[in-house]
Amino acid sequence: MSEAEWAVVRPLRPEPGRLRGRGGQPEAYCHRVILDAIRYLVDNGTKWRAMPADFPPWDRVYAFFRRRRGHGLVKEFHDRLRRKVRDQAGRDPEPSAGVIDSQSVKADAVVGADSRGFDGGKLINGRKRHAVVDTLGLLLGVLVTAADIGDRAAAQVLLAKVAAAHHQLALVWADGGYTGSLVEYGLTVLALVLAIVKLSDYMRGFVVLPKRWIVERFFAHLMRSRRLVRDFERSTGSAEAMVYWSATMLMTRCPARPWPSRA
């Protein structure tokens with residue numbers, strides 16, 4: 001993590017309980033070194049036990065990750081950074097529109113049968129990442145399920161969670177897989193307009209579809225993180241936390257450069 005990145009990250013990270021009067025012993029390792037270790041693992045796809053000796057012991061790094069995953073602090077840190085990036089781009093900190101889609105990835109042998117399935121459409125045995133991003137491509141919410149879970153069923157749960165966290169969200173673009181009762185559910189229950197962007201019958205070859213390319217670009221970024229090329233996490237909670245870490249790395253790599261404002 002560079003000095004410029006740390007200057008952005010440092011004031012946004014959740015404070016340890018000891019500094020908020022909740023007791024506990026002082027932490028033995030600097031947060032910057034711990035964050036660097038987790039970023040290294042996500043970016044390079046190494047195992048926890050194969051953490052380089054330049055970082056703290058792997059079990060201390062994993063304990064740090066596990067505590068913050070269990071208390072929702074990984075998402076909290078990500079959301080704080082997202083609001084800062086949106087403000088830097090001249091946008092309202094809370095989005096009013098988003099894009100939803102899913103990505104199926106193969107699962108490693110450590111993934112149990114209770115959280116893996118077969119996606120017949122893409123011929124993938126593993127898990128599926130359902131994500132909602134804003135018009136800048138910044139993550140608003142993610143849900144990891146077995147690959148055989150339908151997009152509409154997972155979207156109903158994910159959109160409810162995202163709508164509860166972002167009250168200004170009023171419009172979500174989606175592909176043809178989200179048609180049917182989900183459109184009515186989003187309008188009547190969640191007060192969300194689900195706009196379906198379909199491929200025209202007259203289109204031939206590769207065509208960049210309006211708005212849908214934004215979430216596809218986000219998935220392409222995830223595939224640049226070697227830890228996310230295949231799902232190596234035993235639990236879906238850890239898999240979702242890894243997606244948030246990868247999205248955080250996307251926002252902190254160039255903190256001095258304004259975020260692209262096109263949509």
# chains A, B, ... in the order shown; residues from 1 in each chain; ligands from 1
$ select_by_dssp --residues "segment 78-237 of chain A" --states "strand (DSSP E)" --output "PyMOL selection string"
chain A and resi 97-106+117-119+124-134+139-146+171-174+193-196
$ residues_around --residues "Ala247 of chain A" --least-positions-apart "6" --cutoff "8 Å" --atoms "only C-alpha atoms" --output "ChimeraX atom specification"
/A:78,138-139,222
$ write_last_selection --atoms "all heavy atoms" --output "CSV table (one decimal), in the first residue's frame"
chain,number,residue,atom,x,y,z
A,78,HIS,N,-15.5,-0.8,3.5
A,78,HIS,CA,-15.7,-0.6,2.0
A,78,HIS,C,-16.7,0.5,1.7
A,78,HIS,O,-16.5,1.3,0.9
A,78,HIS,CB,-16.2,-2.0,1.4
A,78,HIS,CG,-16.7,-1.8,0.0
A,78,HIS,ND1,-18.0,-1.5,-0.2
A,78,HIS,CD2,-16.1,-2.0,-1.2
A,78,HIS,CE1,-18.2,-1.5,-1.5
A,78,HIS,NE2,-17.1,-1.7,-2.1
A,138,LEU,N,-19.1,0.9,-8.7
A,138,LEU,CA,-18.7,0.7,-7.3
A,138,LEU,C,-19.7,-0.3,-6.7
A,138,LEU,O,-20.9,-0.1,-6.8
A,138,LEU,CB,-18.6,2.0,-6.5
A,138,LEU,CG,-17.7,3.0,-7.1
A,138,LEU,CD1,-17.6,4.3,-6.3
A,138,LEU,CD2,-16.2,2.5,-7.3
A,139,LEU,N,-19.2,-1.2,-5.9
A,139,LEU,CA,-20.1,-2.2,-5.3
A,139,LEU,C,-21.0,-1.7,-4.3
A,139,LEU,O,-20.6,-1.0,-3.4
A,139,LEU,CB,-19.2,-3.3,-4.7
A,139,LEU,CG,-19.9,-4.5,-4.1
A,139,LEU,CD1,-20.7,-5.3,-5.2
A,139,LEU,CD2,-18.9,-5.4,-3.4
A,222,LEU,N,-12.9,-8.3,-10.8
A,222,LEU,CA,-12.8,-9.3,-9.8
A,222,LEU,C,-11.9,-10.5,-10.3
A,222,LEU,O,-11.1,-11.1,-9.6
A,222,LEU,CB,-14.1,-9.9,-9.5
A,222,LEU,CG,-15.1,-9.0,-8.8
A,222,LEU,CD1,-16.4,-9.7,-8.4
A,222,LEU,CD2,-14.5,-8.3,-7.5
$ residues_around --residues "Val133 of chain A" --least-positions-apart "6" --cutoff "10 Å" --atoms "only C-alpha atoms" --output "ChimeraX atom specification"
/A:95,97-101,139-142,162,172-173,214-216,218
$ write_last_selection --atoms "all heavy atoms" --output "tab-separated table (two decimals), in the first residue's frame"
chain	number	residue	atom	x	y	z
A	95	PRO	N	-26.20	6.47	-3.83
A	95	PRO	CA	-26.61	6.34	-5.23
A	95	PRO	C	-28.12	6.28	-5.38
A	95	PRO	O	-28.85	5.86	-4.48
A	95	PRO	CB	-25.97	5.02	-5.65
A	95	PRO	CG	-25.92	4.23	-4.38
A	95	PRO	CD	-25.66	5.22	-3.28
A	97	ALA	N	-29.24	5.00	-8.59
A	97	ALA	CA	-29.40	4.00	-9.64
A	97	ALA	C	-28.28	2.98	-9.54
A	97	ALA	O	-27.18	3.28	-9.05
A	97	ALA	CB	-29.39	4.66	-11.02
A	98	GLY	N	-28.57	1.78	-10.01
A	98	GLY	CA	-27.58	0.71	-9.96
A	98	GLY	C	-27.79	-0.29	-11.08
A	98	GLY	O	-28.74	-0.18	-11.87
A	99	VAL	N	-26.92	-1.28	-11.14
A	99	VAL	CA	-26.96	-2.34	-12.14
A	99	VAL	C	-26.74	-3.67	-11.42
A	99	VAL	O	-25.86	-3.77	-10.56
A	99	VAL	CB	-25.89	-2.15	-13.23
A	99	VAL	CG1	-26.17	-3.08	-14.40
A	99	VAL	CG2	-25.79	-0.71	-13.68
A	100	ILE	N	-27.53	-4.68	-11.78
A	100	ILE	CA	-27.43	-5.99	-11.13
A	100	ILE	C	-27.09	-7.05	-12.17
A	100	ILE	O	-27.55	-6.99	-13.31
A	100	ILE	CB	-28.74	-6.35	-10.39
A	100	ILE	CG1	-28.55	-7.64	-9.60
A	100	ILE	CG2	-29.91	-6.46	-11.37
A	100	ILE	CD1	-29.73	-7.96	-8.69
A	101	ASP	N	-26.30	-8.02	-11.77
A	101	ASP	CA	-25.98	-9.16	-12.63
A	101	ASP	C	-25.33	-10.23	-11.76
A	101	ASP	O	-25.12	-10.02	-10.55
A	101	ASP	CB	-25.05	-8.76	-13.77
A	101	ASP	CG	-25.17	-9.68	-14.97
A	101	ASP	OD1	-25.83	-10.74	-14.83
A	101	ASP	OD2	-24.60	-9.39	-16.02
A	139	LEU	N	-19.24	-1.19	-5.90
A	139	LEU	CA	-20.09	-2.23	-5.33
A	139	LEU	C	-21.05	-1.67	-4.28
A	139	LEU	O	-20.64	-0.96	-3.36
A	139	LEU	CB	-19.20	-3.31	-4.70
A	139	LEU	CG	-19.92	-4.53	-4.11
A	139	LEU	CD1	-20.69	-5.28	-5.19
A	139	LEU	CD2	-18.91	-5.45	-3.44
A	140	LEU	N	-22.33	-2.04	-4.41
A	140	LEU	CA	-23.35	-1.68	-3.43
A	140	LEU	C	-23.74	-2.87	-2.56
A	140	LEU	O	-24.13	-2.70	-1.41
A	140	LEU	CB	-24.59	-1.12	-4.12
A	140	LEU	CG	-24.42	0.14	-4.97
A	140	LEU	CD1	-25.75	0.55	-5.57
A	140	LEU	CD2	-23.83	1.26	-4.14
A	141	GLY	N	-23.67	-4.06	-3.12
A	141	GLY	CA	-24.02	-5.25	-2.36
A	141	GLY	C	-23.67	-6.50	-3.14
A	141	GLY	O	-23.70	-6.50	-4.37
A	142	VAL	N	-23.35	-7.58	-2.42
A	142	VAL	CA	-23.00	-8.84	-3.07
A	142	VAL	C	-23.61	-9.99	-2.27
A	142	VAL	O	-23.73	-9.92	-1.04
A	142	VAL	CB	-21.47	-9.01	-3.17
A	142	VAL	CG1	-20.83	-9.06	-1.80
A	142	VAL	CG2	-21.11	-10.25	-3.98
A	162	VAL	N	-29.96	-4.40	-0.43
A	162	VAL	CA	-29.38	-3.17	-0.96
A	162	VAL	C	-30.34	-2.00	-0.78
A	162	VAL	O	-29.94	-0.88	-0.42
A	162	VAL	CB	-29.01	-3.35	-2.44
A	162	VAL	CG1	-28.59	-2.03	-3.06
A	162	VAL	CG2	-27.88	-4.37	-2.58
A	172	VAL	N	-32.84	0.26	-11.07
A	172	VAL	CA	-31.82	-0.78	-11.23
A	172	VAL	C	-31.96	-1.37	-12.62
A	172	VAL	O	-33.04	-1.82	-13.01
A	172	VAL	CB	-31.96	-1.89	-10.16
A	172	VAL	CG1	-30.93	-2.99	-10.41
A	172	VAL	CG2	-31.79	-1.32	-8.76
A	173	TRP	N	-30.86	-1.36	-13.37
A	173	TRP	CA	-30.85	-1.99	-14.69
A	173	TRP	C	-30.45	-3.45	-14.55
A	173	TRP	O	-29.63	-3.81	-13.70
A	173	TRP	CB	-29.87	-1.28	-15.61
A	173	TRP	CG	-30.32	0.07	-16.07
A	173	TRP	CD1	-31.23	0.35	-17.05
A	173	TRP	CD2	-29.90	1.34	-15.55
A	173	TRP	NE1	-31.39	1.72	-17.18
A	173	TRP	CE2	-30.58	2.35	-16.27
A	173	TRP	CE3	-29.00	1.73	-14.56
A	173	TRP	CZ2	-30.40	3.70	-16.04
A	173	TRP	CZ3	-28.81	3.07	-14.31
A	173	TRP	CH2	-29.52	4.04	-15.04
A	214	ILE	N	-21.41	-1.80	-17.24
A	214	ILE	CA	-20.81	-1.30	-15.99
A	214	ILE	C	-20.57	-2.46	-15.02
A	214	ILE	O	-19.49	-2.58	-14.44
A	214	ILE	CB	-21.72	-0.23	-15.36
A	214	ILE	CG1	-21.93	0.94	-16.32
A	214	ILE	CG2	-21.14	0.25	-14.04
A	214	ILE	CD1	-22.91	1.98	-15.83
A	215	VAL	N	-21.58	-3.30	-14.83
A	215	VAL	CA	-21.40	-4.43	-13.91
A	215	VAL	C	-20.49	-5.49	-14.52
A	215	VAL	O	-19.75	-6.17	-13.79
A	215	VAL	CB	-22.78	-5.01	-13.52
A	215	VAL	CG1	-23.46	-5.66	-14.71
A	215	VAL	CG2	-22.65	-5.99	-12.36
A	216	GLU	N	-20.49	-5.62	-15.84
A	216	GLU	CA	-19.57	-6.57	-16.48
A	216	GLU	C	-18.12	-6.13	-16.27
A	216	GLU	O	-17.22	-6.96	-16.09
A	216	GLU	CB	-19.88	-6.69	-17.97
A	216	GLU	CG	-21.25	-7.28	-18.28
A	216	GLU	CD	-21.40	-8.72	-17.84
A	216	GLU	OE1	-20.38	-9.35	-17.51
A	216	GLU	OE2	-22.54	-9.21	-17.80
A	218	PHE	N	-17.10	-4.54	-13.66
A	218	PHE	CA	-16.80	-4.86	-12.26
A	218	PHE	C	-16.41	-6.33	-12.12
A	218	PHE	O	-15.44	-6.66	-11.43
A	218	PHE	CB	-18.02	-4.55	-11.39
A	218	PHE	CG	-17.89	-5.03	-9.97
A	218	PHE	CD1	-17.08	-4.34	-9.07
A	218	PHE	CD2	-18.54	-6.17	-9.55
A	218	PHE	CE1	-16.94	-4.78	-7.77
A	218	PHE	CE2	-18.40	-6.62	-8.25
A	218	PHE	CZ	-17.61	-5.93	-7.35
$ closest_atom_pairs --of "segment 7-76 of chain A" --to "segment 240-245 of chain A" --cutoff "8 Å" --atoms "only C-alpha atoms" --output "Markdown table"
| residue | atom | partner | partner_atom | distance |
| --- | --- | --- | --- | --- |
| A:Arg39 | CA | A:Trp245 | CA | 7.3 |
| A:Val42 | CA | A:Met242 | CA | 6.9 |
| A:Arg69 | CA | A:Ala241 | CA | 6.5 |
| A:Val74 | CA | A:Ala241 | CA | 6.5 |
| A:Lys75 | CA | A:Tyr244 | CA | 6.5 |
$ write_last_selection --atoms "all heavy atoms" --output "CSV table (one decimal), in the first residue's frame"
chain,number,residue,atom,x,y,z
A,39,ARG,N,-4.5,-7.7,1.4
A,39,ARG,CA,-4.5,-7.3,0.0
A,39,ARG,C,-3.6,-8.2,-0.8
A,39,ARG,O,-3.9,-8.5,-2.0
A,39,ARG,CB,-4.0,-5.9,-0.1
A,39,ARG,CG,-5.1,-4.8,0.4
A,39,ARG,CD,-4.4,-3.5,0.7
A,39,ARG,NE,-3.7,-2.9,-0.5
A,39,ARG,CZ,-4.3,-2.0,-1.3
A,39,ARG,NH1,-5.5,-1.6,-1.0
A,39,ARG,NH2,-3.6,-1.5,-2.3
A,42,VAL,N,-5.4,-11.5,-1.5
A,42,VAL,CA,-6.5,-11.4,-2.4
A,42,VAL,C,-6.0,-11.2,-3.8
A,42,VAL,O,-6.4,-11.8,-4.8
A,42,VAL,CB,-7.5,-10.2,-2.0
A,42,VAL,CG1,-8.5,-10.0,-3.1
A,42,VAL,CG2,-8.1,-10.5,-0.7
A,69,ARG,N,-14.7,-9.8,9.5
A,69,ARG,CA,-15.7,-10.4,8.7
A,69,ARG,C,-17.0,-10.7,9.6
A,69,ARG,O,-18.1,-10.5,9.2
A,69,ARG,CB,-15.2,-11.7,8.1
A,69,ARG,CG,-16.2,-12.5,7.3
A,69,ARG,CD,-15.7,-13.9,7.1
A,69,ARG,NE,-15.7,-14.6,8.4
A,69,ARG,CZ,-15.0,-15.8,8.6
A,69,ARG,NH1,-14.4,-16.4,7.6
A,69,ARG,NH2,-15.0,-16.3,9.8
A,74,VAL,N,-15.7,-5.4,7.5
A,74,VAL,CA,-15.1,-5.4,6.1
A,74,VAL,C,-16.1,-4.6,5.2
A,74,VAL,O,-15.6,-3.7,4.4
A,74,VAL,CB,-15.0,-6.8,5.6
A,74,VAL,CG1,-14.5,-6.8,4.1
A,74,VAL,CG2,-14.0,-7.6,6.4
A,75,LYS,N,-17.4,-4.8,5.3
A,75,LYS,CA,-18.3,-4.1,4.5
A,75,LYS,C,-18.4,-2.6,4.9
A,75,LYS,O,-18.5,-1.7,4.1
A,75,LYS,CB,-19.7,-4.7,4.6
A,75,LYS,CG,-20.8,-4.1,3.7
A,75,LYS,CD,-22.1,-4.8,3.9
A,75,LYS,CE,-23.2,-4.1,3.0
A,75,LYS,NZ,-23.4,-2.7,3.3
$ select_by_dssp --residues "segment 1-195 of chain A" --states "helix (DSSP H, G or I)" --output "PyMOL selection string"
chain A and resi 3-12+17-20+31-44+48-50+58-70+73-88+113-115+151-165+176-178+181-188
$ residues_around --residues "segment 190-192 of chain A" --least-positions-apart "3" --cutoff "10 Å" --atoms "only C-alpha atoms" --output "JSON list (two decimals) with N, CA and C atoms, in the first residue's frame"
[["chain", "number", "residue", "atom", "x", "y", "z"],
["A", 96, "SER", "N", -28.59, 6.68, -6.57],
["A", 96, "SER", "CA", -30.01, 6.59, -6.89],
["A", 96, "SER", "C", -30.29, 5.55, -7.97],
["A", 97, "ALA", "N", -29.24, 5.00, -8.59],
["A", 97, "ALA", "CA", -29.40, 4.00, -9.64],
["A", 97, "ALA", "C", -28.28, 2.98, -9.54],
["A", 156, "GLN", "N", -34.00, -11.23, -5.49],
["A", 156, "GLN", "CA", -35.02, -10.80, -4.55],
["A", 156, "GLN", "C", -34.43, -10.55, -3.17],
["A", 159, "LEU", "N", -31.59, -7.48, -3.62],
["A", 159, "LEU", "CA", -32.18, -6.16, -3.81],
["A", 159, "LEU", "C", -32.85, -5.65, -2.54],
["A", 160, "ALA", "N", -33.44, -6.56, -1.78],
["A", 160, "ALA", "CA", -34.03, -6.15, -0.51],
["A", 160, "ALA", "C", -32.96, -5.63, 0.45],
["A", 161, "LYS", "N", -31.82, -6.31, 0.46],
["A", 161, "LYS", "CA", -30.72, -5.89, 1.34],
["A", 161, "LYS", "C", -30.13, -4.56, 0.88],
["A", 162, "VAL", "N", -29.96, -4.40, -0.43],
["A", 162, "VAL", "CA", -29.38, -3.17, -0.96],
["A", 162, "VAL", "C", -30.34, -2.00, -0.78],
["A", 163, "ALA", "N", -31.63, -2.22, -1.03],
["A", 163, "ALA", "CA", -32.62, -1.16, -0.89],
["A", 163, "ALA", "C", -32.73, -0.68, 0.56],
["A", 164, "ALA", "N", -32.56, -1.61, 1.50],
["A", 164, "ALA", "CA", -32.62, -1.23, 2.92],
["A", 164, "ALA", "C", -31.42, -0.39, 3.33],
["A", 167, "HIS", "N", -31.42, 4.11, 0.74],
["A", 167, "HIS", "CA", -32.82, 4.51, 0.63],
["A", 167, "HIS", "C", -33.10, 5.37, -0.60],
["A", 168, "GLN", "N", -32.07, 5.95, -1.21],
["A", 168, "GLN", "CA", -32.29, 6.77, -2.39],
["A", 168, "GLN", "C", -32.29, 5.95, -3.68],
["A", 169, "LEU", "N", -31.97, 4.68, -3.59],
["A", 169, "LEU", "CA", -31.92, 3.83, -4.77],
["A", 169, "LEU", "C", -33.33, 3.66, -5.34],
["A", 170, "ALA", "N", -33.53, 4.07, -6.60],
["A", 170, "ALA", "CA", -34.86, 4.02, -7.21],
["A", 170, "ALA", "C", -34.89, 3.28, -8.53],
["A", 171, "LEU", "N", -33.75, 3.07, -9.17],
["A", 171, "LEU", "CA", -33.70, 2.45, -10.49],
["A", 171, "LEU", "C", -32.55, 1.46, -10.55],
["A", 172, "VAL", "N", -32.84, 0.26, -11.07],
["A", 172, "VAL", "CA", -31.82, -0.78, -11.23],
["A", 172, "VAL", "C", -31.96, -1.37, -12.62],
["A", 183, "VAL", "N", -39.85, -8.04, -11.40],
["A", 183, "VAL", "CA", -40.10, -6.64, -11.75],
["A", 183, "VAL", "C", -41.23, -6.08, -10.91],
["A", 184, "GLU", "N", -42.31, -6.84, -10.78],
["A", 184, "GLU", "CA", -43.44, -6.40, -9.97],
["A", 184, "GLU", "C", -43.07, -6.35, -8.50],
["A", 185, "TYR", "N", -42.30, -7.34, -8.04],
["A", 185, "TYR", "CA", -41.87, -7.36, -6.64],
["A", 185, "TYR", "C", -41.04, -6.13, -6.30],
["A", 186, "GLY", "N", -40.11, -5.80, -7.19],
["A", 186, "GLY", "CA", -39.27, -4.63, -6.94],
["A", 186, "GLY", "C", -40.07, -3.35, -6.88],
["A", 187, "LEU", "N", -41.10, -3.23, -7.69],
["A", 187, "LEU", "CA", -41.89, -2.00, -7.74],
["A", 187, "LEU", "C", -42.84, -1.89, -6.56],
["A", 195, "ALA", "N", -35.35, -1.94, -14.65],
["A", 195, "ALA", "CA", -35.35, -1.72, -16.09],
["A", 195, "ALA", "C", -34.55, -2.82, -16.77]]
$ residues_around --residues "segment 113-127 of chain A" --least-positions-apart "2" --cutoff "7 Å" --atoms "only C-alpha atoms" --output "JSON, numbers by chain"
{"A": [104, 105, 106, 107, 111, 129, 144, 145, 146, 147, 148]}
$ atom_distance --atom1 "atom CA of Ile196 of chain A" --atom2 "atom CA of Gly177 of chain A"
8.7 Å
$ atom_distance --atom1 "atom CA of Leu143 of chain A" --atom2 "atom CA of Val33 of chain A"
28.5 Å
$ closest_residue --among "A:Val61, A:Ala7, A:Leu12, A:Ala53" --to "Arg83 of chain A" --atoms "only C-alpha atoms"
A:Leu12
$ atom_distance --atom1 "atom CA of Asp108 of chain A" --atom2 "atom CA of Arg234 of chain A"
8.9 Å
$ closest_residue --among "A:Lys198, A:Arg32, A:Arg227, A:Lys47" --to "Phe64 of chain A" --atoms "only C-alpha atoms"
A:Arg32
$ closest_residue --among "A:Val9, A:Leu228, A:Ala131, A:Leu41" --to "Val85 of chain A" --atoms "only C-alpha atoms"
A:Val9
$ residues_around --residues "Arg152 of chain A" --least-positions-apart "5" --cutoff "8 Å" --atoms "only C-alpha atoms" --output "count of residues only"
4
